[in-house]
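See below for my_file15.txt, which holds compact mmCIF, N, CA and C atoms and all ligand atoms.
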# COMPACT_ATOMS: atom_id res chain seq x y z
N MET A 1 2.70 12.43 -40.11
CA MET A 1 3.75 13.32 -39.63
C MET A 1 3.46 13.68 -38.18
N ILE A 2 4.48 13.58 -37.38
CA ILE A 2 4.34 13.93 -35.97
C ILE A 2 5.15 15.19 -35.71
N ILE A 3 4.50 16.16 -35.19
CA ILE A 3 5.20 17.40 -34.83
C ILE A 3 5.46 17.35 -33.34
N ARG A 4 6.68 17.41 -32.94
CA ARG A 4 7.05 17.26 -31.53
C ARG A 4 7.52 18.59 -30.96
N LYS A 5 7.32 18.68 -29.65
CA LYS A 5 7.81 19.86 -28.95
C LYS A 5 8.19 19.44 -27.54
N PHE A 6 8.94 20.20 -26.86
CA PHE A 6 9.32 19.93 -25.48
C PHE A 6 8.44 20.77 -24.57
N GLU A 7 8.02 20.18 -23.47
CA GLU A 7 7.32 20.94 -22.45
C GLU A 7 7.68 20.38 -21.09
N THR A 8 7.59 21.18 -20.10
CA THR A 8 7.92 20.77 -18.74
C THR A 8 6.64 20.58 -17.96
N ARG A 9 6.54 19.42 -17.30
CA ARG A 9 5.35 19.12 -16.50
C ARG A 9 5.76 18.81 -15.07
N GLN A 10 4.88 19.08 -14.17
CA GLN A 10 5.10 18.70 -12.78
C GLN A 10 4.32 17.43 -12.50
N VAL A 11 4.96 16.48 -11.85
CA VAL A 11 4.27 15.26 -11.46
C VAL A 11 4.45 15.07 -9.95
N GLU A 12 3.42 14.52 -9.34
CA GLU A 12 3.49 14.25 -7.91
C GLU A 12 4.03 12.84 -7.69
N ILE A 13 5.06 12.73 -6.90
CA ILE A 13 5.62 11.42 -6.58
C ILE A 13 5.68 11.26 -5.06
N ALA A 14 5.66 10.02 -4.62
CA ALA A 14 5.81 9.76 -3.18
C ALA A 14 7.29 9.85 -2.84
N SER A 15 7.65 10.77 -1.99
CA SER A 15 9.06 10.91 -1.60
C SER A 15 9.39 9.99 -0.44
N ASP A 16 8.40 9.57 0.29
CA ASP A 16 8.59 8.60 1.37
C ASP A 16 7.23 8.11 1.82
N VAL A 17 7.20 6.93 2.42
CA VAL A 17 5.94 6.36 2.91
C VAL A 17 6.17 5.83 4.31
N TYR A 18 5.28 6.14 5.23
CA TYR A 18 5.37 5.67 6.60
C TYR A 18 4.17 4.79 6.91
N CYS A 19 4.42 3.74 7.69
CA CYS A 19 3.35 2.84 8.10
C CYS A 19 2.36 3.60 8.99
N ASP A 20 1.09 3.50 8.67
CA ASP A 20 0.07 4.21 9.46
C ASP A 20 -0.17 3.54 10.81
N ARG A 21 0.28 2.30 10.98
CA ARG A 21 0.06 1.61 12.25
C ARG A 21 1.20 1.88 13.23
N CYS A 22 2.46 1.63 12.79
CA CYS A 22 3.60 1.77 13.71
C CYS A 22 4.40 3.04 13.48
N GLY A 23 4.19 3.69 12.35
CA GLY A 23 4.88 4.94 12.07
C GLY A 23 6.27 4.79 11.47
N GLU A 24 6.71 3.55 11.24
CA GLU A 24 8.06 3.34 10.70
C GLU A 24 8.12 3.68 9.21
N ASP A 25 9.31 4.09 8.79
CA ASP A 25 9.59 4.37 7.39
C ASP A 25 9.52 3.05 6.62
N MET A 26 8.79 2.99 5.55
CA MET A 26 8.61 1.75 4.79
C MET A 26 9.56 1.63 3.62
N HIS A 27 10.49 2.57 3.49
CA HIS A 27 11.41 2.56 2.36
C HIS A 27 12.24 1.29 2.35
N GLY A 28 12.27 0.61 1.19
CA GLY A 28 12.98 -0.65 1.07
C GLY A 28 14.48 -0.52 1.17
N GLY A 29 15.04 0.58 0.67
CA GLY A 29 16.49 0.77 0.71
C GLY A 29 17.22 -0.17 -0.22
N GLY A 30 18.55 -0.21 -0.12
CA GLY A 30 19.39 -1.09 -0.92
C GLY A 30 19.19 -0.86 -2.41
N LYS A 31 19.40 -1.92 -3.17
CA LYS A 31 19.29 -1.79 -4.62
C LYS A 31 17.86 -1.59 -5.09
N PHE A 32 16.90 -1.83 -4.19
CA PHE A 32 15.50 -1.58 -4.53
C PHE A 32 15.04 -0.29 -3.87
N GLY A 33 15.89 0.68 -3.85
CA GLY A 33 15.64 1.93 -3.14
C GLY A 33 14.34 2.62 -3.43
N GLY A 34 13.79 2.43 -4.62
CA GLY A 34 12.56 3.13 -4.96
C GLY A 34 11.31 2.41 -4.51
N LEU A 35 11.47 1.24 -3.92
CA LEU A 35 10.31 0.45 -3.52
C LEU A 35 10.03 0.57 -2.03
N TYR A 36 8.80 0.27 -1.68
CA TYR A 36 8.40 0.29 -0.28
C TYR A 36 7.93 -1.10 0.12
N ASN A 37 8.27 -1.52 1.31
CA ASN A 37 7.89 -2.83 1.81
C ASN A 37 6.52 -2.76 2.48
N GLY A 38 5.60 -3.63 2.05
CA GLY A 38 4.27 -3.64 2.64
C GLY A 38 3.23 -3.23 1.61
N VAL A 39 2.14 -2.66 2.07
CA VAL A 39 1.10 -2.15 1.16
C VAL A 39 1.07 -0.64 1.27
N VAL A 40 0.90 0.00 0.12
CA VAL A 40 0.94 1.46 0.06
C VAL A 40 -0.36 1.98 -0.53
N GLY A 41 -1.00 2.87 0.20
CA GLY A 41 -2.18 3.54 -0.32
C GLY A 41 -3.37 2.64 -0.56
N VAL A 42 -3.62 1.70 0.33
CA VAL A 42 -4.79 0.82 0.21
C VAL A 42 -6.02 1.60 0.68
N GLY A 43 -7.13 1.43 -0.03
CA GLY A 43 -8.31 2.22 0.28
C GLY A 43 -9.53 1.39 0.61
N ALA A 44 -10.47 2.02 1.30
CA ALA A 44 -11.76 1.42 1.62
C ALA A 44 -12.79 2.55 1.72
N VAL A 45 -14.02 2.21 1.39
CA VAL A 45 -15.11 3.19 1.45
C VAL A 45 -16.27 2.58 2.21
N GLY A 46 -16.83 3.34 3.13
CA GLY A 46 -17.99 2.87 3.88
C GLY A 46 -19.23 2.90 3.00
N SER A 47 -20.06 1.88 3.13
CA SER A 47 -21.28 1.83 2.32
C SER A 47 -22.51 2.11 3.18
N TYR A 48 -23.63 2.28 2.52
CA TYR A 48 -24.90 2.55 3.19
C TYR A 48 -25.27 1.41 4.15
N TRP A 49 -24.94 0.18 3.76
CA TRP A 49 -25.33 -0.99 4.54
C TRP A 49 -24.34 -1.35 5.63
N SER A 50 -23.26 -0.63 5.73
CA SER A 50 -22.22 -0.98 6.70
C SER A 50 -22.69 -0.71 8.14
N PRO A 51 -22.57 -1.71 9.01
CA PRO A 51 -22.89 -1.47 10.42
C PRO A 51 -21.70 -0.86 11.18
N VAL A 52 -20.58 -0.71 10.51
CA VAL A 52 -19.36 -0.27 11.17
C VAL A 52 -18.90 1.10 10.68
N PHE A 53 -18.86 1.30 9.37
CA PHE A 53 -18.36 2.55 8.80
C PHE A 53 -19.51 3.43 8.33
N CYS A 54 -19.29 4.71 8.35
CA CYS A 54 -20.30 5.64 7.87
C CYS A 54 -20.29 5.68 6.35
N GLU A 55 -21.48 5.78 5.77
CA GLU A 55 -21.61 5.81 4.32
C GLU A 55 -20.77 6.94 3.74
N GLY A 56 -19.98 6.59 2.75
CA GLY A 56 -19.20 7.60 2.03
C GLY A 56 -17.87 7.96 2.67
N ASP A 57 -17.63 7.53 3.91
CA ASP A 57 -16.33 7.80 4.50
C ASP A 57 -15.27 7.02 3.74
N GLU A 58 -14.19 7.68 3.41
CA GLU A 58 -13.12 7.03 2.65
C GLU A 58 -11.88 6.91 3.53
N TYR A 59 -11.26 5.76 3.43
CA TYR A 59 -10.05 5.48 4.19
C TYR A 59 -8.91 5.15 3.23
N GLU A 60 -7.71 5.55 3.59
CA GLU A 60 -6.52 5.17 2.85
C GLU A 60 -5.42 4.94 3.87
N PHE A 61 -4.72 3.83 3.72
CA PHE A 61 -3.64 3.56 4.65
C PHE A 61 -2.51 2.82 3.98
N SER A 62 -1.36 2.89 4.63
CA SER A 62 -0.19 2.12 4.24
C SER A 62 0.26 1.34 5.47
N ALA A 63 0.74 0.12 5.24
CA ALA A 63 1.19 -0.71 6.37
C ALA A 63 2.48 -1.42 6.00
N CYS A 64 3.45 -1.40 6.89
CA CYS A 64 4.73 -2.06 6.65
C CYS A 64 4.54 -3.58 6.71
N GLU A 65 5.55 -4.31 6.25
CA GLU A 65 5.44 -5.77 6.21
C GLU A 65 5.20 -6.36 7.59
N ARG A 66 5.88 -5.84 8.59
CA ARG A 66 5.73 -6.39 9.95
C ARG A 66 4.29 -6.20 10.44
N CYS A 67 3.73 -5.03 10.27
CA CYS A 67 2.35 -4.78 10.71
C CYS A 67 1.37 -5.58 9.86
N LEU A 68 1.66 -5.71 8.56
CA LEU A 68 0.80 -6.51 7.70
C LEU A 68 0.80 -7.96 8.15
N SER A 69 1.99 -8.49 8.46
CA SER A 69 2.11 -9.86 8.93
C SER A 69 1.34 -10.06 10.23
N ASP A 70 1.48 -9.11 11.16
CA ASP A 70 0.73 -9.18 12.43
C ASP A 70 -0.77 -9.18 12.17
N TRP A 71 -1.20 -8.35 11.23
CA TRP A 71 -2.62 -8.26 10.89
C TRP A 71 -3.10 -9.58 10.31
N PHE A 72 -2.32 -10.16 9.38
CA PHE A 72 -2.70 -11.44 8.76
C PHE A 72 -2.86 -12.54 9.81
N LYS A 73 -2.03 -12.53 10.85
CA LYS A 73 -2.12 -13.55 11.89
C LYS A 73 -3.49 -13.54 12.58
N GLY A 74 -4.16 -12.42 12.54
CA GLY A 74 -5.48 -12.31 13.15
C GLY A 74 -6.61 -12.72 12.23
N PHE A 75 -6.29 -13.00 10.96
CA PHE A 75 -7.32 -13.39 9.99
C PHE A 75 -7.79 -14.82 10.25
N LYS A 76 -9.07 -15.08 10.09
CA LYS A 76 -9.60 -16.43 10.22
C LYS A 76 -9.15 -17.29 9.04
N HIS A 77 -9.03 -16.67 7.85
CA HIS A 77 -8.59 -17.37 6.64
C HIS A 77 -7.27 -16.75 6.19
N ASN A 78 -6.27 -17.59 5.93
CA ASN A 78 -4.96 -17.12 5.51
C ASN A 78 -5.06 -16.46 4.13
N PRO A 79 -4.65 -15.21 3.98
CA PRO A 79 -4.78 -14.53 2.69
C PRO A 79 -3.71 -14.92 1.67
N LEU A 80 -2.76 -15.79 2.04
CA LEU A 80 -1.73 -16.22 1.11
C LEU A 80 -2.36 -17.01 -0.02
N VAL A 81 -2.17 -16.57 -1.27
CA VAL A 81 -2.75 -17.25 -2.42
C VAL A 81 -1.71 -18.03 -3.23
N LYS A 82 -0.45 -17.66 -3.11
CA LYS A 82 0.58 -18.39 -3.85
C LYS A 82 1.89 -18.28 -3.09
N LYS A 83 2.53 -19.40 -2.89
CA LYS A 83 3.81 -19.43 -2.21
C LYS A 83 4.90 -19.52 -3.27
N LYS A 84 5.99 -18.81 -3.06
CA LYS A 84 7.12 -18.83 -3.99
C LYS A 84 7.56 -20.27 -4.20
N GLU A 85 7.74 -20.69 -5.47
CA GLU A 85 8.03 -22.09 -5.79
C GLU A 85 9.26 -22.62 -5.06
N SER A 86 10.29 -21.81 -4.90
CA SER A 86 11.51 -22.29 -4.26
C SER A 86 11.30 -22.56 -2.76
N ASP A 87 10.21 -22.02 -2.19
CA ASP A 87 9.92 -22.23 -0.78
C ASP A 87 9.00 -23.44 -0.56
N VAL A 88 8.49 -24.02 -1.64
CA VAL A 88 7.52 -25.13 -1.50
C VAL A 88 8.22 -26.42 -1.17
ZN ZN B 101 4.19 -0.89 10.68
Structure encoded using structure tokens:
Amino acid sequence: MIIRKFETRQVEIASDVYCDRCGEDMHGGGKFGGLYNGVVGVGAVGSYWSPVFCEGDEYEFSACERCLSDWFKGFKHNPLVKKKESDV
């Protein structure tokens, strides 16, 4: 037997996301209005052995597709792992 009741809860939602690099609104718009283009809330943590970041420092960023694409162009290895079949 399940006894049910109603209760009201508050949840935190992202009302909008801006690219941390260029500052543009990342909202997809159109019929996919609830989605954001690019990467949202990607994180990194500095380790004890890092010559660049301080141990324990935490980073979180979001980047729009254009900035992500620009960033990928600077990579020595292409991060693309799968191409859409219709584009092959
Ligand atoms: Zn951007």
Item to complete: Find the distance between atom C of A:Tyr18 and atom C of A:Ser62 and write it in Å to one decimal.
Response: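 Distance reported for this atom pair: 5.4 Å.
The closest residue to A:Ala63, picked from A:Cys19, A:Lys76, A:Glu85, A:Trp49 and counting only N, CA and C atoms, is A:Cys19.
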Near-ligand residues for ligand ZN 101 (chain B), threshold 10 Å, only C-alpha atoms and all ligand atoms, as a PDB file with N, CA and C atoms, in the coordinates of the input:
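Now in pocket_3.pdb:
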ATOM      1  N   TYR A  18       5.280   6.140   5.230  1.00  0.00           N
ATOM      2  CA  TYR A  18       5.370   5.670   6.600  1.00  0.00           C
ATOM      3  C   TYR A  18       4.170   4.790   6.910  1.00  0.00           C
ATOM      4  N   CYS A  19       4.420   3.740   7.690  1.00  0.00           N
ATOM      5  CA  CYS A  19       3.350   2.840   8.100  1.00  0.00           C
ATOM      6  C   CYS A  19       2.360   3.600   8.990  1.00  0.00           C
ATOM      7  N   ASP A  20       1.090   3.500   8.670  1.00  0.00           N
ATOM      8  CA  ASP A  20       0.070   4.210   9.460  1.00  0.00           C
ATOM      9  C   ASP A  20      -0.170   3.540  10.810  1.00  0.00           C
ATOM     10  N   ARG A  21       0.280   2.300  10.980  1.00  0.00           N
ATOM     11  CA  ARG A  21       0.060   1.610  12.250  1.00  0.00           C
ATOM     12  C   ARG A  21       1.200   1.880  13.230  1.00  0.00           C
ATOM     13  N   CYS A  22       2.460   1.630  12.790  1.00  0.00           N
ATOM     14  CA  CYS A  22       3.600   1.770  13.710  1.00  0.00           C
ATOM     15  C   CYS A  22       4.400   3.040  13.480  1.00  0.00           C
ATOM     16  N   GLY A  23       4.190   3.690  12.350  1.00  0.00           N
ATOM     17  CA  GLY A  23       4.880   4.940  12.070  1.00  0.00           C
ATOM     18  C   GLY A  23       6.270   4.790  11.470  1.00  0.00           C
ATOM     19  N   GLU A  24       6.710   3.550  11.240  1.00  0.00           N
ATOM     20  CA  GLU A  24       8.060   3.340  10.700  1.00  0.00           C
ATOM     21  C   GLU A  24       8.120   3.680   9.210  1.00  0.00           C
ATOM     22  N   ASP A  25       9.310   4.090   8.790  1.00  0.00           N
ATOM     23  CA  ASP A  25       9.590   4.370   7.390  1.00  0.00           C
ATOM     24  C   ASP A  25       9.520   3.050   6.620  1.00  0.00           C
ATOM     25  N   MET A  26       8.790   2.990   5.550  1.00  0.00           N
ATOM     26  CA  MET A  26       8.610   1.750   4.790  1.00  0.00           C
ATOM     27  C   MET A  26       9.560   1.630   3.620  1.00  0.00           C
ATOM     28  N   ASN A  37       8.270  -1.520   1.310  1.00  0.00           N
ATOM     29  CA  ASN A  37       7.890  -2.830   1.810  1.00  0.00           C
ATOM     30  C   ASN A  37       6.520  -2.760   2.480  1.00  0.00           C
ATOM     31  N   GLY A  38       5.600  -3.630   2.050  1.00  0.00           N
ATOM     32  CA  GLY A  38       4.270  -3.640   2.640  1.00  0.00           C
ATOM     33  C   GLY A  38       3.230  -3.230   1.610  1.00  0.00           C
ATOM     34  N   SER A  62      -1.360   2.890   4.630  1.00  0.00           N
ATOM     35  CA  SER A  62      -0.190   2.120   4.240  1.00  0.00           C
ATOM     36  C   SER A  62       0.260   1.340   5.470  1.00  0.00           C
ATOM     37  N   ALA A  63       0.740   0.120   5.240  1.00  0.00           N
ATOM     38  CA  ALA A  63       1.190  -0.710   6.370  1.00  0.00           C
ATOM     39  C   ALA A  63       2.480  -1.420   6.000  1.00  0.00           C
ATOM     40  N   CYS A  64       3.450  -1.400   6.890  1.00  0.00           N
ATOM     41  CA  CYS A  64       4.730  -2.060   6.650  1.00  0.00           C
ATOM     42  C   CYS A  64       4.540  -3.580   6.710  1.00  0.00           C
ATOM     43  N   GLU A  65       5.550  -4.310   6.250  1.00  0.00           N
ATOM     44  CA  GLU A  65       5.440  -5.770   6.210  1.00  0.00           C
ATOM     45  C   GLU A  65       5.200  -6.360   7.590  1.00  0.00           C
ATOM     46  N   ARG A  66       5.880  -5.840   8.590  1.00  0.00           N
ATOM     47  CA  ARG A  66       5.730  -6.390   9.950  1.00  0.00           C
ATOM     48  C   ARG A  66       4.290  -6.200  10.440  1.00  0.00           C
ATOM     49  N   CYS A  67       3.730  -5.030  10.270  1.00  0.00           N
ATOM     50  CA  CYS A  67       2.350  -4.780  10.710  1.00  0.00           C
ATOM     51  C   CYS A  67       1.370  -5.580   9.860  1.00  0.00           C
ATOM     52  N   LEU A  68       1.660  -5.710   8.560  1.00  0.00           N
ATOM     53  CA  LEU A  68       0.800  -6.510   7.700  1.00  0.00           C
ATOM     54  C   LEU A  68       0.800  -7.960   8.150  1.00  0.00           C
ATOM     55  N   SER A  69       1.990  -8.490   8.460  1.00  0.00           N
ATOM     56  CA  SER A  69       2.110  -9.860   8.930  1.00  0.00           C
ATOM     57  C   SER A  69       1.340 -10.060  10.230  1.00  0.00           C
ATOM     58  N   ASP A  70       1.480  -9.110  11.160  1.00  0.00           N
ATOM     59  CA  ASP A  70       0.730  -9.180  12.430  1.00  0.00           C
ATOM     60  C   ASP A  70      -0.770  -9.180  12.170  1.00  0.00           C
TER      61      ASP A  70
END
Discussion item. For a test of reading the model, state the distance in Å between atom CA of A:Glu60 and atom CA of A:Gly46, rounded to one decimal.
Written reply: 11.7 Å
Fill in: Between atom CA of A:Val40 and atom CA of A:Glu58 - distance in Å to one decimal
15.3 Å
Discussion item. Calculated over only C-alpha atoms, which of the candidates A:Cys54, A:Ile3, A:Leu80, A:Tyr36 has the smallest distance to A:Ser15?
Written reply: A:Tyr36
Discussion item. Which residue is closest to A:Ala44? Choose from A:Arg4, A:Gln10, A:Asp57, A:Pro79 and count only N, CA and C atoms.
Written reply: A:Asp57
Worksheet item: Which parts of chain A does DSSP call strand (DSSP E or B) when run on the backbone here, written out as an MDAnalysis selection string?
Response: chainID A and resid 18 25 27 36 39:45 58:63
Discussion item. Using DSSP assignments from the backbone, pull out every residue in chain A that falls under helix (DSSP H, G or I) and give it to me as a ChimeraX atom specification.
Written reply: /A:30-32,65-73,85-87
With N, CA and C atoms retained, could you export that selection as a PDB file, in the frame of the given file?
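New file part.pdb:
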ATOM      1  N   GLY A  30      18.550  -0.210  -0.120  1.00  0.00           N
ATOM      2  CA  GLY A  30      19.390  -1.090  -0.920  1.00  0.00           C
ATOM      3  C   GLY A  30      19.190  -0.860  -2.410  1.00  0.00           C
ATOM      4  N   LYS A  31      19.400  -1.920  -3.170  1.00  0.00           N
ATOM      5  CA  LYS A  31      19.290  -1.790  -4.620  1.00  0.00           C
ATOM      6  C   LYS A  31      17.860  -1.590  -5.090  1.00  0.00           C
ATOM      7  N   PHE A  32      16.900  -1.830  -4.190  1.00  0.00           N
ATOM      8  CA  PHE A  32      15.500  -1.580  -4.530  1.00  0.00           C
ATOM      9  C   PHE A  32      15.040  -0.290  -3.870  1.00  0.00           C
ATOM     10  N   GLU A  65       5.550  -4.310   6.250  1.00  0.00           N
ATOM     11  CA  GLU A  65       5.440  -5.770   6.210  1.00  0.00           C
ATOM     12  C   GLU A  65       5.200  -6.360   7.590  1.00  0.00           C
ATOM     13  N   ARG A  66       5.880  -5.840   8.590  1.00  0.00           N
ATOM     14  CA  ARG A  66       5.730  -6.390   9.950  1.00  0.00           C
ATOM     15  C   ARG A  66       4.290  -6.200  10.440  1.00  0.00           C
ATOM     16  N   CYS A  67       3.730  -5.030  10.270  1.00  0.00           N
ATOM     17  CA  CYS A  67       2.350  -4.780  10.710  1.00  0.00           C
ATOM     18  C   CYS A  67       1.370  -5.580   9.860  1.00  0.00           C
ATOM     19  N   LEU A  68       1.660  -5.710   8.560  1.00  0.00           N
ATOM     20  CA  LEU A  68       0.800  -6.510   7.700  1.00  0.00           C
ATOM     21  C   LEU A  68       0.800  -7.960   8.150  1.00  0.00           C
ATOM     22  N   SER A  69       1.990  -8.490   8.460  1.00  0.00           N
ATOM     23  CA  SER A  69       2.110  -9.860   8.930  1.00  0.00           C
ATOM     24  C   SER A  69       1.340 -10.060  10.230  1.00  0.00           C
ATOM     25  N   ASP A  70       1.480  -9.110  11.160  1.00  0.00           N
ATOM     26  CA  ASP A  70       0.730  -9.180  12.430  1.00  0.00           C
ATOM     27  C   ASP A  70      -0.770  -9.180  12.170  1.00  0.00           C
ATOM     28  N   TRP A  71      -1.200  -8.350  11.230  1.00  0.00           N
ATOM     29  CA  TRP A  71      -2.620  -8.260  10.890  1.00  0.00           C
ATOM     30  C   TRP A  71      -3.100  -9.580  10.310  1.00  0.00           C
ATOM     31  N   PHE A  72      -2.320 -10.160   9.380  1.00  0.00           N
ATOM     32  CA  PHE A  72      -2.700 -11.440   8.760  1.00  0.00           C
ATOM     33  C   PHE A  72      -2.860 -12.540   9.810  1.00  0.00           C
ATOM     34  N   LYS A  73      -2.030 -12.530  10.850  1.00  0.00           N
ATOM     35  CA  LYS A  73      -2.120 -13.550  11.890  1.00  0.00           C
ATOM     36  C   LYS A  73      -3.490 -13.540  12.580  1.00  0.00           C
ATOM     37  N   GLU A  85       7.740 -20.690  -5.470  1.00  0.00           N
ATOM     38  CA  GLU A  85       8.030 -22.090  -5.790  1.00  0.00           C
ATOM     39  C   GLU A  85       9.260 -22.620  -5.060  1.00  0.00           C
ATOM     40  N   SER A  86      10.290 -21.810  -4.900  1.00  0.00           N
ATOM     41  CA  SER A  86      11.510 -22.290  -4.260  1.00  0.00           C
ATOM     42  C   SER A  86      11.300 -22.560  -2.760  1.00  0.00           C
ATOM     43  N   ASP A  87      10.210 -22.020  -2.190  1.00  0.00           N
ATOM     44  CA  ASP A  87       9.920 -22.230  -0.780  1.00  0.00           C
ATOM     45  C   ASP A  87       9.000 -23.440  -0.560  1.00  0.00           C
TER      46      ASP A  87
END
Worksheet entry | Using only C-alpha atoms: which of A:Val52, A:Val45, A:Leu35, A:Val81 has the shortest distance to A:Val17 | A:Leu35
